[in-house]
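For reference, the structure discussed in these notes is given below.
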Amino acid sequence: MAMKSSPAQPNGDSTSSKSPLTAFTLVEIMVAGTLLLLVLTATTMVVFNGMVATRKASALNDTSVKARRAFDHLSTEMASAGDLSASDFLLPNGSGNYQKITYRVQVGGPGVSGGILSDGTTAQGTVSLSTGRTVVVWLPNAVVPRVGDYLVLTSPAIPPSPADSTAGTPITAVSGATAAGSLGKNYTLTLGDTLENLSGLTGTSADVKANNIVLIKRERAYAVDAATDPNDIRLVWYESTAAGTTPLILTHGLTAGQYPFGQQEKDPTVTPASAMKYLVDFNLKLGTAPSQDVNVTAGKNSFYTKNNVRALLVNKSGESSSLINNPPPVTSASSTTPTTTPTPTPTITTTPTPTITPTPTPTITPTPTPTITPTPTPVPPTATPTPTATPRPT
């Protein structure tokens with residue numbers, strides 16, 4: 001097969017034709033780059049604004065949760081607390097606000113003085129002499145007294161002041177925890193002074209008799225803790241016993257210079273002023289941690305970084321147990337029981353009941369019934385006979 005050769009071109013190129021090269025112009029590249037930059041900028045702004053909004057919402061939610069937790073804890077505790085005196089408000093700022101409050105709550109159910117004997121019966125008579133410092137009590141299993149708790153006795157009342165008789169007296173030692181039945185134990189509680197000095201009574205009047213109701217109260221406290229971390233101020237709660245307890249952090253992120261507790265008189269008419277009881281005016285200012293600050297318009301960032309919680313915390317009406325279980329007065333054998341002269345019962349004069357004359361009932365005259373005249377029945381006319389014709393002779 002013979003090969004055909006193309007004739008040579010004038011310029012020496014053996015190809016018959018060649019396609020021209022195409023590409024973007026500089027103007028087209030600049031326009032495309034500008035459009036791409038605008039799209040990327042808009043996308044970045046959307047993502048950034050979404051992140052800012054998320055941080056704002058997170059900061060608001062965190063502050064709200066912290067405020068709710070602190071308020072719930074305070075309101076629950078204050079509902080079961082006894083009345084607060086002026087001495088329960090501590091660390092003042094000089095303007096009527098405080099950084100710490102203390103209060104007392106009853107621990108578990110009541111017990112009895114004298115304890116439970118080994119045979120399951122209760123003790124009788126005098127169980128603690130007025131000159132002593134110890135009291136034997138039976139307490140339910142759920143109540144474990146600690147050094148630093150307060151013992152409330154109903155007879156004799158300790159302390160003697162009616163305004164403070166439910167506050168109790170400090171327990172300086174606890175010993176003799178022995179099982180007494182399946183429901184509780186006997187304890188020997190040592191007090192800070194003799195029963196006479198604590199009650200203000202003398203002699204047998206200050207003795208503790210068996211089977212009187214006793215209560216154990218425990219002191220608790222709320223305080224602002226700015227010493228642990230000055231950059232993250234906290235509100236803490238703990239129990240004020242001799243052994244101490246680890247403070248529970250209720251919330252953090254408080255603004256500096258916090259004095260969240262104020263006094264509100266419970267009954268302004270009470271006298272003297274030392275007997276005044278108070279409610280707690282609670283005003284807490286919360287903020288977010290520095291790491292959670294968000295970038296917002298100048299002058300408006302406090303909306304996202306601060307939150308105030310204010311409430312009037314009212315404790316229960318009256319003490320946890322208004323228990324007055326004084327023993328009945330004992331009459332000596334030599335005493336004479338006075339004879340009571342009965343008061344004669346007055347005779348009651350009965351007023352005669354007036355006789356009621358009945359009103360005569362009027363006689364009703366019957367209306368005569370009209371006599372109905374019967375309509376005469378029409379008699380049909382008698383038919384006249386027709387005369388028979390006499391035949392005529394032919």
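How things are named: the first chain in the structure tokens is A, the next is B, and so on; residues count from 1 in each chain; ligands count from 1 in the order shown.
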(request) For range 237-240 of chain A, work out the shell of residues within 7 Å, counting only C-alpha atoms and skipping chain neighbours fewer than 4 positions away, then give it as a list in words. (result) Glu219, Arg220, Ala221, Tyr222, Ala223, Gly244, Thr245, Thr246, Pro247, Leu248, Ile249 and Leu250 of chain A
(request) Determine which residues of range 111-306 of chain A receive a DSSP assignment of strand (DSSP E or B), computed from the backbone, and state them as an MDAnalysis selection string. (result) chainID A and resid 111:113 116 122 126:128 134:140 150:154 157:158 169:179 184:191 208:209 213:225 233:239 248:254 261:265 278:287 306
(request) Would you mind reading off the distance between CA of Ile233 in chain A and CA of His73 in chain A, one decimal, in Å? (result) 17.9 Å
Closest-contact table, range 57-167 of chain A side, partner range 35-52 of chain A, 12 Å, counting only C-alpha atoms, as CSV:
residue,atom,partner,partner_atom,distance
A:Ala57,CA,A:Val52,CA,8.7
A:Ser58,CA,A:Val52,CA,9.8
A:Ala59,CA,A:Val52,CA,10.5
Take the residues from that selection and put them in a file with N, CA and C atoms, as an mmCIF file, in the first residue's frame.
data_model
loop_
_atom_site.group_PDB
_atom_site.id
_atom_site.type_symbol
_atom_site.label_atom_id
_atom_site.label_comp_id
_atom_site.auth_asym_id
_atom_site.auth_seq_id
_atom_site.Cartn_x
_atom_site.Cartn_y
_atom_site.Cartn_z
ATOM 1 N N ALA A 57 -26.383 32.607 74.882
ATOM 2 C CA ALA A 57 -27.411 31.734 75.449
ATOM 3 C C ALA A 57 -26.835 30.841 76.543
ATOM 4 N N SER A 58 -25.614 30.352 76.343
ATOM 5 C CA SER A 58 -24.976 29.525 77.359
ATOM 6 C C SER A 58 -24.710 30.311 78.634
ATOM 7 N N ALA A 59 -24.272 31.568 78.474
ATOM 8 C CA ALA A 59 -24.011 32.390 79.653
ATOM 9 C C ALA A 59 -25.299 32.681 80.422
#
(request) Would you mind reading off the distance between CA of Tyr103 in chain A and CA of Thr178 in chain A, one decimal, in Å? (result)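 If I compute the distance from CA of Tyr103 in chain A to CA of Thr178 in chain A, I get 29.9 Å.
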(message) Could you check the closest approach to Leu129 in chain A for each of A:Asn231, A:Thr34, A:Thr194, A:Gln263 and tell me which residue wins, using only C-alpha atoms?
(response) A:Thr194
(message) Please determine, counting only C-alpha atoms, which residue among A:Ser80, A:Thr154, A:Ser85, A:Thr204 has the shortest atom-to-atom distance to Ala275 in chain A.
(response)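 Comparing A:Ser80, A:Thr154, A:Ser85, A:Thr204 against Ala275 in chain A, the winner is A:Ser85.
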